[in-house]
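Here's the structure, in structure tokens; my notes come after.
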Amino acid sequence: MKTNKKILVIGSSNTDMSVKTSVLPKPGETVIGGVFRMGQGGKGANQAVAAKKLGGDVSFVCKLGRDIFGENALAHYAEVGLDTGRVLYSDKPSGVALICIDDKAENSIVVASGANSEVTDVDIESLSGLIRESEILLLQLEIPLPAVVKAAEIARSSGVMVVLNPAPAVELPDELLKCVTLLIPNECEAASISGIEIKDESTARMSVKAINDKGVSNVIVTMGSKGAMVYDGEMSFIPALKVNAVDTTAAGDTFCGGICVALAEGKSLREAVKFATAASAIAVQRHGAQDSVPTREEVDKLIETINN
């Protein structure tokens, strides 16, 4: 029987404006693009929407500007079914992200954080009750680091599982790492934390071990189309599914949301990785950020197909 524990996501909300191009522009170069798309993004919002669409009981807290981008974002989150009753507001504009995607599905992203940069540890203190009522807290690093640390500390002191996706990569203070139950970096982020460049499975294992030595007991290093290295006391590698990727924009966020949903339902870490891998495999075959996230039914169907 599924337990479906409460998941709280605290993080960023952006409006994504993306252009498909044949190649990513070099410094000083102008490239004529193709299709333009605008939709909701931001790592926090992407992960919250992913967790909700994949079957989680999800609340989402972000900080928005009092502008059309903020209004559209809030309407979208309500449509998805997220609990946004504690959304914060700023006098700064809502965040936006400018994205270029090339023919190989690689992307280049510039973010104007806006209201996201205004989340304070005082804001987080005001959410302490909500944090303590949750069973899983999912965090990223597109809001100020002091706010992330404060949220993690409140959660840890209350026995709430803290899941951190350390993106974008910054130097992580020890007081944050000691609060983290599960760390989910990609190869670059893992290298930044561990000091070990990841080139293959062997160096991935070394990187994970170095992160574990810093006090993080559970680690998943996502390695794109190769798969994921998983550590929860034992090391294992779980390969990715082979698909034709067209846009990798929210693949990692879909993965993180999927991990939290699976853990909320009582799955083991390895089972959770397999579930999240299936979800992200579907996402990379679609354009957009939150628009690319599959439904729970789609993921269950894919897993059933794989198992048969």
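Residues in the structure tokens are numbered from 1 in each chain, the chains being A, B, ... in the order shown, and ligands are numbered from 1 in the order shown.
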
Item to check | Residues of stretch 98-254 of chain A in helix (DSSP H, G or I), written as a ChimeraX atom specification | outcome: /A:114-118,121-126,128-133,145-157,174-177,187-194,201-213,251-254

Next on the checklist: Let's see if you can do this: from backbone DSSP, list all strand (DSSP E) residues in stretch 35-258 of chain A, as a PyMOL selection string.
Outcome noted: chain A and resi 36-41+57-61+63-65+88-90+95-101+107-112+136-139+161-164+182-183+218-222+227-231+235-239

Checklist entry - Which neighbours of A:Glu79 fall inside 12 Å, counting only C-alpha atoms, when residues of the same chain fewer than 4 positions from it are skipped, and could you give them as a ChimeraX atom specification? => result /A:49,52-53,72-75,83-84

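Nearest to A:Gly224 of all the residues A:Glu187, A:Asp247, A:Glu71, A:Asp121 is A:Glu187, counting only C-alpha atoms.
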
Next on the checklist: Nearest residue to A:Asn165 out of A:Glu133, A:Asp200, A:Asp102, A:Asp253, using only C-alpha atoms?
Outcome noted: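 With only C-alpha atoms as the atom set, the closest residue is A:Asp253.
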
Item to check | All residues 10 Å or closer to A:Pro173, only C-alpha atoms, same chain fewer than 3 positions away omitted, as number ranges by chain | outcome: A: 145-146, 149, 170, 176-178

Convert the current residue selection to file output with all heavy atoms, as a compact mmCIF listing (two decimals), in the first residue's frame.
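Generated file (result_19.txt):
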# COMPACT_ATOMS: atom_id res chain seq x y z
N LEU A 145 21.66 30.93 -0.63
CA LEU A 145 22.15 29.82 0.17
C LEU A 145 21.75 29.90 1.65
O LEU A 145 21.40 28.87 2.24
CB LEU A 145 23.68 29.73 0.02
CG LEU A 145 24.35 28.46 0.55
CD1 LEU A 145 23.77 27.22 -0.11
CD2 LEU A 145 25.86 28.54 0.31
N PRO A 146 21.77 31.08 2.29
CA PRO A 146 21.35 31.12 3.69
C PRO A 146 19.92 30.62 3.91
O PRO A 146 19.63 29.98 4.93
CB PRO A 146 21.46 32.61 4.05
CG PRO A 146 22.51 33.13 3.13
CD PRO A 146 22.30 32.39 1.84
N VAL A 149 20.08 26.79 3.72
CA VAL A 149 20.65 26.24 4.95
C VAL A 149 19.64 26.27 6.08
O VAL A 149 19.47 25.29 6.82
CB VAL A 149 21.93 27.02 5.36
CG1 VAL A 149 22.42 26.57 6.73
CG2 VAL A 149 23.02 26.84 4.31
N VAL A 170 27.65 25.49 -6.33
CA VAL A 170 28.34 26.48 -5.50
C VAL A 170 29.06 25.71 -4.40
O VAL A 170 28.81 24.51 -4.20
CB VAL A 170 27.36 27.50 -4.86
CG1 VAL A 170 26.61 28.27 -5.92
CG2 VAL A 170 26.38 26.79 -3.92
N LEU A 176 25.32 22.85 5.89
CA LEU A 176 24.28 22.35 4.99
C LEU A 176 24.45 20.86 4.74
O LEU A 176 23.49 20.09 4.84
CB LEU A 176 24.31 23.12 3.67
CG LEU A 176 23.33 22.65 2.58
CD1 LEU A 176 21.89 22.67 3.09
CD2 LEU A 176 23.46 23.50 1.33
N LEU A 177 25.67 20.44 4.44
CA LEU A 177 25.92 19.03 4.13
C LEU A 177 25.51 18.11 5.28
O LEU A 177 24.99 17.02 5.07
CB LEU A 177 27.39 18.81 3.78
CG LEU A 177 27.83 19.27 2.39
CD1 LEU A 177 29.33 19.13 2.24
CD2 LEU A 177 27.10 18.50 1.29
N LYS A 178 25.74 18.55 6.52
CA LYS A 178 25.42 17.69 7.66
C LYS A 178 23.91 17.54 7.86
O LYS A 178 23.47 16.65 8.59
CB LYS A 178 26.08 18.21 8.93
CG LYS A 178 25.47 19.48 9.50
CD LYS A 178 26.23 19.91 10.75
CE LYS A 178 25.60 21.16 11.37
NZ LYS A 178 26.34 21.61 12.58

Within 12 Å of A:Asn307, counting only C-alpha atoms, which residues qualify if same-chain residues fewer than 4 places away don't, as an mmCIF file with N, CA, C and O atoms, in the first residue's frame?
data_model
loop_
_atom_site.group_PDB
_atom_site.id
_atom_site.type_symbol
_atom_site.label_atom_id
_atom_site.label_comp_id
_atom_site.auth_asym_id
_atom_site.auth_seq_id
_atom_site.Cartn_x
_atom_site.Cartn_y
_atom_site.Cartn_z
ATOM 1 N N LYS A 274 15.264 3.839 -10.375
ATOM 2 C CA LYS A 274 14.695 3.219 -11.575
ATOM 3 C C LYS A 274 13.407 3.926 -11.999
ATOM 4 O O LYS A 274 13.166 4.155 -13.185
ATOM 5 N N PHE A 275 12.575 4.285 -11.021
ATOM 6 C CA PHE A 275 11.340 5.020 -11.310
ATOM 7 C C PHE A 275 11.660 6.391 -11.904
ATOM 8 O O PHE A 275 11.106 6.799 -12.934
ATOM 9 N N ALA A 278 12.978 6.294 -15.493
ATOM 10 C CA ALA A 278 11.910 6.135 -16.483
ATOM 11 C C ALA A 278 11.201 7.461 -16.737
ATOM 12 O O ALA A 278 10.897 7.815 -17.884
ATOM 13 N N ASP A 300 4.327 4.551 -15.259
ATOM 14 C CA ASP A 300 3.975 3.176 -14.883
ATOM 15 C C ASP A 300 3.878 2.275 -16.115
ATOM 16 O O ASP A 300 4.307 1.120 -16.088
ATOM 17 N N LYS A 301 3.345 2.838 -17.195
ATOM 18 C CA LYS A 301 3.210 2.065 -18.430
ATOM 19 C C LYS A 301 4.579 1.723 -19.005
ATOM 20 O O LYS A 301 4.805 0.590 -19.456
ATOM 21 N N LEU A 302 5.515 2.700 -18.978
ATOM 22 C CA LEU A 302 6.861 2.455 -19.489
ATOM 23 C C LEU A 302 7.568 1.395 -18.651
ATOM 24 O O LEU A 302 8.206 0.484 -19.193
ATOM 25 N N ILE A 303 7.457 1.494 -17.343
ATOM 26 C CA ILE A 303 8.098 0.528 -16.448
ATOM 27 C C ILE A 303 7.523 -0.867 -16.679
ATOM 28 O O ILE A 303 8.262 -1.861 -16.705
#

Dump as JSON lines the rows for residues of stretch 170-235 of chain A within 10 Å of stretch 137-143 of chain A: closest atom pair and distance in Å with one decimal, only C-alpha atoms counted, ordered by chain and rising residue number.
{"residue": "A:Val170", "atom": "CA", "partner": "A:Leu141", "partner_atom": "CA", "distance": 8.1}
{"residue": "A:Leu172", "atom": "CA", "partner": "A:Leu141", "partner_atom": "CA", "distance": 9.9}
{"residue": "A:Val180", "atom": "CA", "partner": "A:Leu139", "partner_atom": "CA", "distance": 9.8}
{"residue": "A:Thr181", "atom": "CA", "partner": "A:Leu137", "partner_atom": "CA", "distance": 9.8}
{"residue": "A:Leu182", "atom": "CA", "partner": "A:Leu138", "partner_atom": "CA", "distance": 9.5}
{"residue": "A:Leu183", "atom": "CA", "partner": "A:Leu139", "partner_atom": "CA", "distance": 9.9}
{"residue": "A:Ile184", "atom": "CA", "partner": "A:Gln140", "partner_atom": "CA", "distance": 9.7}

Which residues come within 10 Å of A:Gly252, counting only C-alpha atoms, excluding same-chain residues fewer than 5 positions away, as a PDB file with C-alpha atoms, in the first residue's frame?
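Final file, part-v2.pdb:
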ATOM      1  CA  LYS A  43      14.388  24.293 -10.777  1.00  0.00           C
ATOM      2  CA  ASN A  46      10.060  22.110 -12.200  1.00  0.00           C
ATOM      3  CA  GLN A  47      10.725  19.648  -9.393  1.00  0.00           C
ATOM      4  CA  ASN A 165      19.833  18.944  -5.673  1.00  0.00           C
ATOM      5  CA  ALA A 167      22.344  23.088  -8.685  1.00  0.00           C
ATOM      6  CA  ILE A 184      21.496  14.423  -5.995  1.00  0.00           C
ATOM      7  CA  PRO A 185      24.234  16.191  -8.004  1.00  0.00           C
ATOM      8  CA  ASN A 186      25.027  15.758 -11.682  1.00  0.00           C
ATOM      9  CA  THR A 222      23.225  11.593 -12.333  1.00  0.00           C
ATOM     10  CA  MET A 223      25.354  10.983 -15.427  1.00  0.00           C
ATOM     11  CA  GLY A 224      23.003  12.001 -18.242  1.00  0.00           C
ATOM     12  CA  GLY A 257      10.813  14.950  -8.361  1.00  0.00           C
ATOM     13  CA  GLY A 258      10.494  11.277  -9.252  1.00  0.00           C
ATOM     14  CA  ALA A 276      12.947   8.460 -11.730  1.00  0.00           C
ATOM     15  CA  THR A 277      15.067   7.197 -14.640  1.00  0.00           C
ATOM     16  CA  SER A 280      13.275  11.489 -17.114  1.00  0.00           C
ATOM     17  CA  ALA A 283      10.808  13.972 -20.404  1.00  0.00           C
ATOM     18  CA  VAL A 284      13.870  14.236 -22.674  1.00  0.00           C
TER      19      VAL A 284
END

Next on the checklist: If we count only C-alpha atoms and set the cut-off at 12 Å, which residues sit around A:Leu263, ignoring sequence neighbours fewer than 6 positions away in its own chain? Please answer as a count of residues only.
Outcome noted: 28

Checklist outcome for this item: In Å and to one decimal, atom CA of A:Ala112 is distant from atom CA of A:Lys20 by 19.7 Å

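If only C-alpha atoms are the atoms counted, then among A:Ser207, A:Asn116, A:Thr15, A:Ser94 the closest residue to A:Arg37 is A:Thr15.
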
Checklist entry - Out of A:Leu82, A:Ser113, A:Val148, A:Asp174, which residue has the shortest atom-to-atom distance to A:Glu125 when counting only C-alpha atoms? => result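 For A:Glu125, the nearest of the given residues is A:Val148.
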
Item to check | Of the listed residues A:Tyr231, A:Phe69, A:Phe255, A:Phe36, that which approaches A:Val299 most closely, counting only C-alpha atoms | outcome: A:Phe255
